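Data block for run.pdb (PDB, C-alpha atoms and all ligand atoms):
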```pdb
ATOM      1  CA  MET A 960     -24.414 -22.101 183.760  1.00  0.00           C
ATOM      2  CA  ARG A 961     -22.673 -23.146 180.532  1.00  0.00           C
ATOM      3  CA  PHE A 962     -23.599 -21.447 177.278  1.00  0.00           C
ATOM      4  CA  THR A 963     -21.382 -21.330 174.215  1.00  0.00           C
ATOM      5  CA  ILE A 964     -21.733 -18.910 171.324  1.00  0.00           C
ATOM      6  CA  ALA A 965     -19.722 -19.734 168.179  1.00  0.00           C
ATOM      7  CA  ILE A 966     -18.991 -16.885 165.772  1.00  0.00           C
ATOM      8  CA  ASP A 967     -17.197 -17.635 162.513  1.00  0.00           C
ATOM      9  CA  GLY A 968     -16.543 -15.789 159.294  1.00  0.00           C
ATOM     10  CA  PRO A 969     -13.909 -14.515 156.862  1.00  0.00           C
ATOM     11  CA  ALA A 970     -11.110 -12.034 157.522  1.00  0.00           C
ATOM     12  CA  ALA A 971     -12.092  -8.633 158.904  1.00  0.00           C
ATOM     13  CA  ALA A 972     -15.824  -9.357 158.795  1.00  0.00           C
ATOM     14  CA  GLY A 973     -16.360  -7.660 162.143  1.00  0.00           C
ATOM     15  CA  LYS A 974     -16.326 -10.844 164.231  1.00  0.00           C
ATOM     16  CA  GLY A 975     -14.111  -9.253 166.871  1.00  0.00           C
ATOM     17  CA  THR A 976     -16.326  -6.217 167.406  1.00  0.00           C
ATOM     18  CA  ILE A 977     -19.511  -8.280 167.379  1.00  0.00           C
ATOM     19  CA  SER A 978     -18.065 -10.957 169.677  1.00  0.00           C
ATOM     20  CA  LYS A 979     -16.900  -8.420 172.250  1.00  0.00           C
ATOM     21  CA  ALA A 980     -20.276  -6.677 172.201  1.00  0.00           C
ATOM     22  CA  ILE A 981     -22.185  -9.964 172.537  1.00  0.00           C
ATOM     23  CA  ALA A 982     -19.939 -11.099 175.384  1.00  0.00           C
ATOM     24  CA  ALA A 983     -20.504  -7.786 177.178  1.00  0.00           C
ATOM     25  CA  HIS A 984     -24.263  -7.940 176.550  1.00  0.00           C
ATOM     26  CA  PHE A 985     -24.681 -11.449 178.021  1.00  0.00           C
ATOM     27  CA  GLY A 986     -21.888 -11.126 180.597  1.00  0.00           C
ATOM     28  CA  PHE A 987     -19.903 -13.971 178.987  1.00  0.00           C
ATOM     29  CA  ALA A 988     -16.140 -14.382 178.530  1.00  0.00           C
ATOM     30  CA  HIS A 989     -14.705 -13.904 175.028  1.00  0.00           C
ATOM     31  CA  LEU A 990     -11.898 -15.753 173.228  1.00  0.00           C
ATOM     32  CA  ASP A 991     -10.547 -14.430 169.927  1.00  0.00           C
ATOM     33  CA  THR A 992      -9.181 -17.717 168.558  1.00  0.00           C
ATOM     34  CA  GLY A 993      -7.489 -15.911 165.659  1.00  0.00           C
ATOM     35  CA  LEU A 994      -5.072 -14.592 168.252  1.00  0.00           C
ATOM     36  CA  LEU A 995      -3.845 -18.148 168.926  1.00  0.00           C
ATOM     37  CA  TYR A 996      -2.998 -18.634 165.245  1.00  0.00           C
ATOM     38  CA  ARG A 997      -1.513 -15.140 165.023  1.00  0.00           C
ATOM     39  CA  ALA A 998       0.724 -15.864 168.044  1.00  0.00           C
ATOM     40  CA  VAL A 999       1.926 -19.120 166.458  1.00  0.00           C
ATOM     41  CA  GLY A1000       2.424 -17.369 163.110  1.00  0.00           C
ATOM     42  CA  ALA A1001       4.419 -14.582 164.769  1.00  0.00           C
ATOM     43  CA  ARG A1002       6.762 -17.134 166.354  1.00  0.00           C
ATOM     44  CA  THR A1003       7.476 -18.660 162.939  1.00  0.00           C
ATOM     45  CA  LEU A1004       8.623 -15.263 161.653  1.00  0.00           C
ATOM     46  CA  ASP A1005      11.640 -15.535 163.979  1.00  0.00           C
ATOM     47  CA  GLY A1006      12.352 -19.072 162.760  1.00  0.00           C
ATOM     48  CA  THR A1007      10.489 -21.223 165.311  1.00  0.00           C
ATOM     49  CA  ASP A1008       8.901 -24.425 164.007  1.00  0.00           C
ATOM     50  CA  PRO A1009       5.090 -23.871 163.863  1.00  0.00           C
ATOM     51  CA  ILE A1010       4.181 -27.170 165.535  1.00  0.00           C
ATOM     52  CA  ASP A1011       6.661 -26.551 168.370  1.00  0.00           C
ATOM     53  CA  ALA A1012       5.302 -23.012 168.728  1.00  0.00           C
ATOM     54  CA  ALA A1013       1.701 -24.239 168.911  1.00  0.00           C
ATOM     55  CA  LYS A1014       2.515 -26.921 171.493  1.00  0.00           C
ATOM     56  CA  ALA A1015       4.410 -24.462 173.684  1.00  0.00           C
ATOM     57  CA  LEU A1016       2.105 -21.432 173.294  1.00  0.00           C
ATOM     58  CA  THR A1017       2.148 -19.218 176.407  1.00  0.00           C
ATOM     59  CA  ALA A1018       0.087 -16.324 177.699  1.00  0.00           C
ATOM     60  CA  GLU A1019       3.131 -14.188 176.980  1.00  0.00           C
ATOM     61  CA  ASP A1020       2.988 -15.142 173.281  1.00  0.00           C
ATOM     62  CA  LEU A1021      -0.669 -14.075 173.198  1.00  0.00           C
ATOM     63  CA  ALA A1022       0.209 -10.713 174.713  1.00  0.00           C
ATOM     64  CA  ALA A1023       3.014 -10.055 172.203  1.00  0.00           C
ATOM     65  CA  GLU A1024       2.950  -6.732 170.402  1.00  0.00           C
ATOM     66  CA  ASN A1025       2.171  -6.423 166.706  1.00  0.00           C
ATOM     67  CA  LEU A1026       0.016  -9.517 166.383  1.00  0.00           C
ATOM     68  CA  ARG A1027      -2.465  -7.436 164.405  1.00  0.00           C
ATOM     69  CA  THR A1028      -0.216  -6.690 161.427  1.00  0.00           C
ATOM     70  CA  PRO A1029      -0.967  -8.041 157.922  1.00  0.00           C
ATOM     71  CA  GLU A1030       2.377  -9.919 157.947  1.00  0.00           C
ATOM     72  CA  VAL A1031       1.383 -11.800 161.085  1.00  0.00           C
ATOM     73  CA  ALA A1032      -2.120 -12.408 159.675  1.00  0.00           C
ATOM     74  CA  GLN A1033      -0.554 -14.059 156.622  1.00  0.00           C
ATOM     75  CA  ALA A1034       1.776 -16.129 158.812  1.00  0.00           C
ATOM     76  CA  ALA A1035      -1.257 -17.152 160.913  1.00  0.00           C
ATOM     77  CA  SER A1036      -3.155 -18.340 157.880  1.00  0.00           C
ATOM     78  CA  ARG A1037      -0.110 -20.317 156.674  1.00  0.00           C
ATOM     79  CA  VAL A1038       0.357 -22.151 159.995  1.00  0.00           C
ATOM     80  CA  ALA A1039      -3.424 -22.668 160.252  1.00  0.00           C
ATOM     81  CA  VAL A1040      -3.345 -25.241 157.422  1.00  0.00           C
ATOM     82  CA  ILE A1041      -1.117 -27.559 159.512  1.00  0.00           C
ATOM     83  CA  ALA A1042      -3.150 -30.318 161.200  1.00  0.00           C
ATOM     84  CA  GLU A1043      -0.735 -30.644 164.150  1.00  0.00           C
ATOM     85  CA  VAL A1044      -0.883 -26.905 164.819  1.00  0.00           C
ATOM     86  CA  ARG A1045      -4.696 -26.966 164.920  1.00  0.00           C
ATOM     87  CA  ALA A1046      -4.692 -30.122 167.082  1.00  0.00           C
ATOM     88  CA  ALA A1047      -2.364 -28.488 169.626  1.00  0.00           C
ATOM     89  CA  LEU A1048      -4.833 -25.613 170.081  1.00  0.00           C
ATOM     90  CA  ILE A1049      -8.056 -27.609 170.440  1.00  0.00           C
ATOM     91  CA  ASP A1050      -8.008 -28.445 174.168  1.00  0.00           C
ATOM     92  CA  PHE A1051      -7.491 -24.837 175.227  1.00  0.00           C
ATOM     93  CA  GLN A1052     -10.360 -23.651 173.028  1.00  0.00           C
ATOM     94  CA  ARG A1053     -12.747 -26.400 174.192  1.00  0.00           C
ATOM     95  CA  ALA A1054     -11.913 -25.790 177.845  1.00  0.00           C
ATOM     96  CA  PHE A1055     -12.633 -22.093 177.342  1.00  0.00           C
ATOM     97  CA  ALA A1056     -15.917 -22.897 175.575  1.00  0.00           C
ATOM     98  CA  GLY A1057     -17.067 -25.071 178.473  1.00  0.00           C
ATOM     99  CA  ARG A1058     -16.274 -22.640 181.252  1.00  0.00           C
ATOM    100  CA  ALA A1059     -18.972 -21.779 183.750  1.00  0.00           C
ATOM    101  CA  GLY A1060     -20.644 -18.432 183.134  1.00  0.00           C
ATOM    102  CA  GLY A1061     -20.861 -18.593 179.333  1.00  0.00           C
ATOM    103  CA  ALA A1062     -18.363 -18.124 176.518  1.00  0.00           C
ATOM    104  CA  VAL A1063     -18.167 -16.476 173.119  1.00  0.00           C
ATOM    105  CA  LEU A1064     -15.496 -17.809 170.737  1.00  0.00           C
ATOM    106  CA  ASP A1065     -14.792 -16.301 167.342  1.00  0.00           C
ATOM    107  CA  GLY A1066     -12.761 -17.798 164.529  1.00  0.00           C
ATOM    108  CA  ARG A1067     -13.161 -19.908 161.398  1.00  0.00           C
ATOM    109  CA  ASP A1068     -14.055 -23.400 162.659  1.00  0.00           C
ATOM    110  CA  ILE A1069     -15.773 -22.808 165.999  1.00  0.00           C
ATOM    111  CA  GLY A1070     -19.272 -23.863 164.945  1.00  0.00           C
ATOM    112  CA  THR A1071     -18.022 -26.702 162.734  1.00  0.00           C
ATOM    113  CA  VAL A1072     -15.078 -28.303 164.586  1.00  0.00           C
ATOM    114  CA  ILE A1073     -14.295 -26.752 167.983  1.00  0.00           C
ATOM    115  CA  CYS A1074     -17.859 -26.470 169.325  1.00  0.00           C
ATOM    116  CA  PRO A1075     -20.265 -28.308 167.024  1.00  0.00           C
ATOM    117  CA  GLU A1076     -22.684 -28.446 169.987  1.00  0.00           C
ATOM    118  CA  ALA A1077     -22.589 -24.677 170.597  1.00  0.00           C
ATOM    119  CA  ASP A1078     -25.866 -23.234 171.885  1.00  0.00           C
ATOM    120  CA  ALA A1079     -25.839 -20.454 169.283  1.00  0.00           C
ATOM    121  CA  LYS A1080     -23.881 -20.118 166.035  1.00  0.00           C
ATOM    122  CA  LEU A1081     -23.369 -17.094 163.837  1.00  0.00           C
ATOM    123  CA  TYR A1082     -21.513 -16.728 160.557  1.00  0.00           C
ATOM    124  CA  VAL A1083     -20.605 -13.070 160.078  1.00  0.00           C
ATOM    125  CA  THR A1084     -19.625 -11.963 156.613  1.00  0.00           C
ATOM    126  CA  ALA A1085     -19.445  -8.943 154.265  1.00  0.00           C
ATOM    127  CA  SER A1086     -18.152  -8.311 150.755  1.00  0.00           C
ATOM    128  CA  ALA A1087     -14.373  -8.491 150.375  1.00  0.00           C
ATOM    129  CA  GLU A1088     -14.278  -4.808 149.431  1.00  0.00           C
ATOM    130  CA  VAL A1089     -16.186  -3.697 152.523  1.00  0.00           C
ATOM    131  CA  ARG A1090     -14.052  -5.889 154.789  1.00  0.00           C
ATOM    132  CA  ALA A1091     -10.835  -4.602 153.238  1.00  0.00           C
ATOM    133  CA  GLU A1092     -11.935  -0.985 153.621  1.00  0.00           C
ATOM    134  CA  ARG A1093     -12.731  -1.508 157.319  1.00  0.00           C
ATOM    135  CA  ARG A1094      -9.400  -3.275 157.930  1.00  0.00           C
ATOM    136  CA  TYR A1095      -7.545  -0.565 155.975  1.00  0.00           C
ATOM    137  CA  LEU A1096      -9.045   2.188 158.176  1.00  0.00           C
ATOM    138  CA  GLU A1097      -8.267   0.136 161.319  1.00  0.00           C
ATOM    139  CA  LEU A1098      -4.623  -0.390 160.330  1.00  0.00           C
ATOM    140  CA  VAL A1099      -4.066   3.213 159.255  1.00  0.00           C
ATOM    141  CA  GLY A1100      -5.767   4.347 162.465  1.00  0.00           C
ATOM    142  CA  LYS A1101      -3.174   2.379 164.412  1.00  0.00           C
ATOM    143  CA  GLY A1102      -0.349   4.009 162.487  1.00  0.00           C
ATOM    144  CA  HIS A1103       0.469   1.165 160.060  1.00  0.00           C
ATOM    145  CA  GLU A1104       1.568   2.147 156.575  1.00  0.00           C
ATOM    146  CA  THR A1105      -0.386   0.261 153.945  1.00  0.00           C
ATOM    147  CA  THR A1106      -2.639   0.732 150.920  1.00  0.00           C
ATOM    148  CA  ARG A1107      -6.220  -0.266 150.168  1.00  0.00           C
ATOM    149  CA  ASP A1108      -4.991  -2.592 147.397  1.00  0.00           C
ATOM    150  CA  ALA A1109      -2.531  -4.350 149.714  1.00  0.00           C
ATOM    151  CA  VAL A1110      -5.202  -4.915 152.372  1.00  0.00           C
ATOM    152  CA  LEU A1111      -7.717  -6.217 149.801  1.00  0.00           C
ATOM    153  CA  ALA A1112      -5.080  -8.614 148.440  1.00  0.00           C
ATOM    154  CA  ASP A1113      -4.299  -9.876 151.971  1.00  0.00           C
ATOM    155  CA  VAL A1114      -7.974 -10.427 152.761  1.00  0.00           C
ATOM    156  CA  LYS A1115      -8.626 -12.306 149.502  1.00  0.00           C
ATOM    157  CA  GLU A1116      -5.496 -14.446 149.791  1.00  0.00           C
ATOM    158  CA  ARG A1117      -6.284 -15.474 153.380  1.00  0.00           C
ATOM    159  CA  ASP A1118      -9.947 -16.162 152.572  1.00  0.00           C
ATOM    160  CA  ALA A1119      -8.925 -18.482 149.744  1.00  0.00           C
ATOM    161  CA  ARG A1120      -6.328 -20.321 151.873  1.00  0.00           C
ATOM    162  CA  ASP A1121      -8.688 -20.553 154.877  1.00  0.00           C
ATOM    163  CA  ALA A1122     -11.639 -21.821 152.806  1.00  0.00           C
ATOM    164  CA  GLU A1123      -9.709 -24.278 150.642  1.00  0.00           C
ATOM    165  CA  ARG A1124      -7.563 -26.009 153.280  1.00  0.00           C
ATOM    166  CA  ALA A1125      -8.285 -29.674 154.026  1.00  0.00           C
ATOM    167  CA  GLU A1126      -8.167 -29.246 157.802  1.00  0.00           C
ATOM    168  CA  ALA A1127     -11.118 -27.433 159.426  1.00  0.00           C
ATOM    169  CA  PRO A1128     -11.823 -25.173 156.424  1.00  0.00           C
ATOM    170  CA  MET A1129     -13.643 -21.897 156.995  1.00  0.00           C
ATOM    171  CA  LYS A1130     -17.341 -22.445 156.280  1.00  0.00           C
ATOM    172  CA  PRO A1131     -20.679 -21.773 157.945  1.00  0.00           C
ATOM    173  CA  ALA A1132     -21.987 -24.580 160.155  1.00  0.00           C
ATOM    174  CA  GLU A1133     -25.251 -25.949 158.761  1.00  0.00           C
ATOM    175  CA  ASP A1134     -27.145 -24.532 161.736  1.00  0.00           C
ATOM    176  CA  ALA A1135     -25.405 -21.124 161.805  1.00  0.00           C
ATOM    177  CA  VAL A1136     -27.343 -17.891 161.308  1.00  0.00           C
ATOM    178  CA  LEU A1137     -25.746 -15.838 158.525  1.00  0.00           C
ATOM    179  CA  ILE A1138     -25.263 -12.119 159.155  1.00  0.00           C
ATOM    180  CA  ASP A1139     -24.054 -10.030 156.214  1.00  0.00           C
ATOM    181  CA  THR A1140     -22.690  -6.762 157.608  1.00  0.00           C
ATOM    182  CA  SER A1141     -21.871  -5.178 154.202  1.00  0.00           C
ATOM    183  CA  ASP A1142     -24.631  -2.596 154.581  1.00  0.00           C
ATOM    184  CA  LEU A1143     -24.852  -2.518 158.372  1.00  0.00           C
ATOM    185  CA  ALA A1144     -23.323   0.032 160.737  1.00  0.00           C
ATOM    186  CA  ILE A1145     -21.648  -1.471 163.819  1.00  0.00           C
ATOM    187  CA  GLU A1146     -24.649  -0.896 166.103  1.00  0.00           C
ATOM    188  CA  ALA A1147     -27.035  -2.552 163.633  1.00  0.00           C
ATOM    189  CA  ALA A1148     -24.678  -5.519 163.126  1.00  0.00           C
ATOM    190  CA  VAL A1149     -24.353  -6.013 166.888  1.00  0.00           C
ATOM    191  CA  GLN A1150     -28.138  -5.801 167.328  1.00  0.00           C
ATOM    192  CA  ALA A1151     -28.695  -8.344 164.543  1.00  0.00           C
ATOM    193  CA  ALA A1152     -26.203 -10.678 166.226  1.00  0.00           C
ATOM    194  CA  ILE A1153     -27.811 -10.324 169.669  1.00  0.00           C
ATOM    195  CA  ASP A1154     -31.269 -10.939 168.165  1.00  0.00           C
ATOM    196  CA  ALA A1155     -29.963 -14.049 166.379  1.00  0.00           C
ATOM    197  CA  VAL A1156     -28.470 -15.441 169.602  1.00  0.00           C
ATOM    198  CA  LYS A1157     -31.705 -14.796 171.511  1.00  0.00           C
ATOM    199  CA  ALA A1158     -33.723 -16.484 168.756  1.00  0.00           C
ATOM    200  CA  GLN A1159     -31.494 -19.578 168.859  1.00  0.00           C
ATOM    201  CA  ARG A1160     -31.579 -19.625 172.650  1.00  0.00           C
ATOM    202  CA  SER A1161     -35.340 -19.793 172.972  1.00  0.00           C
TER     203      SER A1161
HETATM  204  O1  LIG A1201      -8.980 -10.554 162.324  1.00  0.00           O
HETATM  205  P1  LIG A1201      -9.056 -11.399 161.078  1.00  0.00           P
HETATM  206  O2  LIG A1201     -10.445 -11.854 160.787  1.00  0.00           O
HETATM  207  O3  LIG A1201      -8.390 -10.762 159.901  1.00  0.00           O
HETATM  208  O4  LIG A1201      -8.151 -12.703 161.352  1.00  0.00           O
HETATM  209  P2  LIG A1201      -8.068 -13.605 162.668  1.00  0.00           P
HETATM  210  O5  LIG A1201      -9.439 -14.001 163.119  1.00  0.00           O
HETATM  211  O6  LIG A1201      -7.169 -12.967 163.658  1.00  0.00           O
HETATM  212  O7  LIG A1201      -7.361 -14.936 162.100  1.00  0.00           O
HETATM  213  C1  LIG A1201      -6.079 -14.924 161.514  1.00  0.00           C
HETATM  214  C2  LIG A1201      -5.902 -16.216 160.749  1.00  0.00           C
HETATM  215  O8  LIG A1201      -5.910 -17.294 161.684  1.00  0.00           O
HETATM  216  C3  LIG A1201      -7.006 -16.568 159.760  1.00  0.00           C
HETATM  217  O9  LIG A1201      -6.775 -16.038 158.455  1.00  0.00           O
HETATM  218  C4  LIG A1201      -7.022 -18.085 159.762  1.00  0.00           C
HETATM  219  O10 LIG A1201      -6.082 -18.621 158.855  1.00  0.00           O
HETATM  220  C5  LIG A1201      -6.542 -18.455 161.147  1.00  0.00           C
HETATM  221  N1  LIG A1201      -7.619 -18.919 162.022  1.00  0.00           N
HETATM  222  C6  LIG A1201      -8.057 -20.237 161.890  1.00  0.00           C
HETATM  223  O11 LIG A1201      -7.587 -20.960 161.031  1.00  0.00           O
HETATM  224  N2  LIG A1201      -8.999 -20.742 162.737  1.00  0.00           N
HETATM  225  C7  LIG A1201      -9.546 -19.965 163.694  1.00  0.00           C
HETATM  226  N3  LIG A1201     -10.454 -20.481 164.508  1.00  0.00           N
HETATM  227  C8  LIG A1201      -9.150 -18.615 163.816  1.00  0.00           C
HETATM  228  C9  LIG A1201      -8.191 -18.111 162.956  1.00  0.00           C
END
```
How does the structure come out when it is put into structure tokens?
Amino acid sequence: MRFTIAIDGPAAAGKGTISKAIAAHFGFAHLDTGLLYRAVGARTLDGTDPIDAAKALTAEDLAAENLRTPEVAQAASRVAVIAEVRAALIDFQRAFAGRAGGAVLDGRDIGTVICPEADAKLYVTASAEVRAERRYLELVGKGHETTRDAVLADVKERDARDAERAEAPMKPAEDAVLIDTSDLAIEAAVQAAIDAVKAQRS
């Protein structure tokens, strides 16, 4: 059985949490596509050319430590504007999406570019302030030193770059169900997402 769920949305909207929960609920595999861009971005911080890094991406790169830092997130969003970087990552994502047993992919362009034929599409969002507060608590919880203002600035800068780029800009697919998690606790957001997938499935 093949079934693809595309989940897109801006930085720190809760896509990761929702995607993992949906994948567990339906017994599907999950791919966090942001990790691909973060791994490429991380390589550029030690001087590697982004296109070379994207073409030669390995499982080891994806397992690297510290891919979740704001510095790497910024580097990811900078390499993500490069057409050749995005092109180098397409086949892997599409192969994952088509795997037997069902797949959930989360990112920025899954419903629009990577899997326009996805069986279900969600666009998960929340206000910039709510997203920044969640990401701030997550980073501090992991021991990173940062401030609320710095995290809000990172989120806003990446959103602008991701939405305004020419190549696969972040935007909801026309047939995506919008879920605003600003006023939703995690459990309620996950339930809304599962309900939306079931509604699109039937
Ligand atoms: O976790 P968060 O939402 O903050 O970011 P992420 O999903 O890990 O993505 C990091 C960066 O990778 C984004 O800001 C985008 O620039 C880029 N990205 C992309 O361009 N396309 C995707 N499908 C996924 C991520």
Exercise answer, 8 Å around ligand LIG 1201 (chain A) with all atoms listed in the file, as number ranges by chain | A: 967-975, 991-997, 1027, 1032-1040, 1045, 1065-1069, 1094, 1114, 1117-1118, 1120-1121, 1127-1129
Size and centre in Å, one decimal, axis-aligned box, all listed segment 1136-1142 of chain A atoms plus 4 Å per side, as AutoDock Vina command-line options:
```
--center_x -24.6 --center_y -10.2 --center_z 157.8 --size_x 13.5 --size_y 23.3 --size_z 15.1
```
Reference answer for the PyMOL selection byres (((chain A and resi 1004-1018) around 7) and not hetatm), as a PyMOL selection string = chain A and resi 999-1003+1019-1022+1038+1043-1044+1047-1048
Output as a tab-separated table one row per residue of segment 966-1044 of chain A within 12 Å of segment 1151-1155 of chain A: the closest atom pair and its distance in Å to one decimal place, counting all atoms listed in the file, sorted by chain and residue number ascending.
```
residue	atom	partner	partner_atom	distance
A:Ile966	CA	A:Ala1152	CA	9.5
A:Asp967	CA	A:Ala1152	CA	12.0
A:Gly973	CA	A:Ala1152	CA	11.1
A:Lys974	CA	A:Ala1152	CA	10.1
A:Thr976	CA	A:Ala1152	CA	10.9
A:Ile977	CA	A:Ala1152	CA	7.2
A:Ser978	CA	A:Ala1152	CA	8.8
A:Lys979	CA	A:Ala1152	CA	11.3
A:Ala980	CA	A:Ile1153	CA	8.7
A:Ile981	CA	A:Ile1153	CA	6.3
A:Ala982	CA	A:Ile1153	CA	9.8
A:Ala983	CA	A:Ile1153	CA	10.8
A:His984	CA	A:Ile1153	CA	8.1
A:Phe985	CA	A:Ile1153	CA	9.0
```
As a check of understanding: the span from atom CA of Ala1119 of chain A to atom CA of Ala1079 of chain A is 25.9 Å
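Atom to atom, atom CA of Lys1157 of chain A and atom CA of Phe1055 of chain A stand 21.2 Å apart.
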Starting from the PyMOL selection byres (((chain A and resi 1132) around 6) and not hetatm), expand the selection into actual residues of this file and give them as a compact mmCIF listing (two decimals) with C-alpha atoms, in the frame of the given file.
```txt
# COMPACT_ATOMS: atom_id res chain seq x y z
CA GLY A 1070 -19.27 -23.86 164.94
CA THR A 1071 -18.02 -26.70 162.73
CA PRO A 1131 -20.68 -21.77 157.94
CA GLU A 1133 -25.25 -25.95 158.76
CA ASP A 1134 -27.14 -24.53 161.74
CA ALA A 1135 -25.40 -21.12 161.80
```
Selection: 7 Å around segment 1139-1146 of chain A, only C-alpha atoms, excl. self and same-chain fewer than 3 positions, as a list in words | Val1083, Thr1084, Ala1085, Ser1086, Val1089, Val1149 and Gln1150 of chain A
Might you spell out which residues the PyMOL selection byres (((chain A and resi 1107) around 10) and not hetatm) would select in the displayed file, as a ChimeraX atom specification?
-> /A:1088,1091-1096,1099,1105-1106,1108-1113
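Picture a line from atom CA of Arg1124 of chain A to atom CA of Ile964 of chain A; it runs 24.0 Å.
Shortest separation to Ala1077 of chain A among A:Leu990, A:Leu1137, A:Ala1046, A:Leu1064 occurs at residue A:Leu1064, atoms counted being only C-alpha atoms.
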For Ala1056 of chain A, the nearest of the candidates A:Ala1042, A:Ala988, A:Val1156, A:Ile1138, counting all atoms listed in the file = A:Ala988
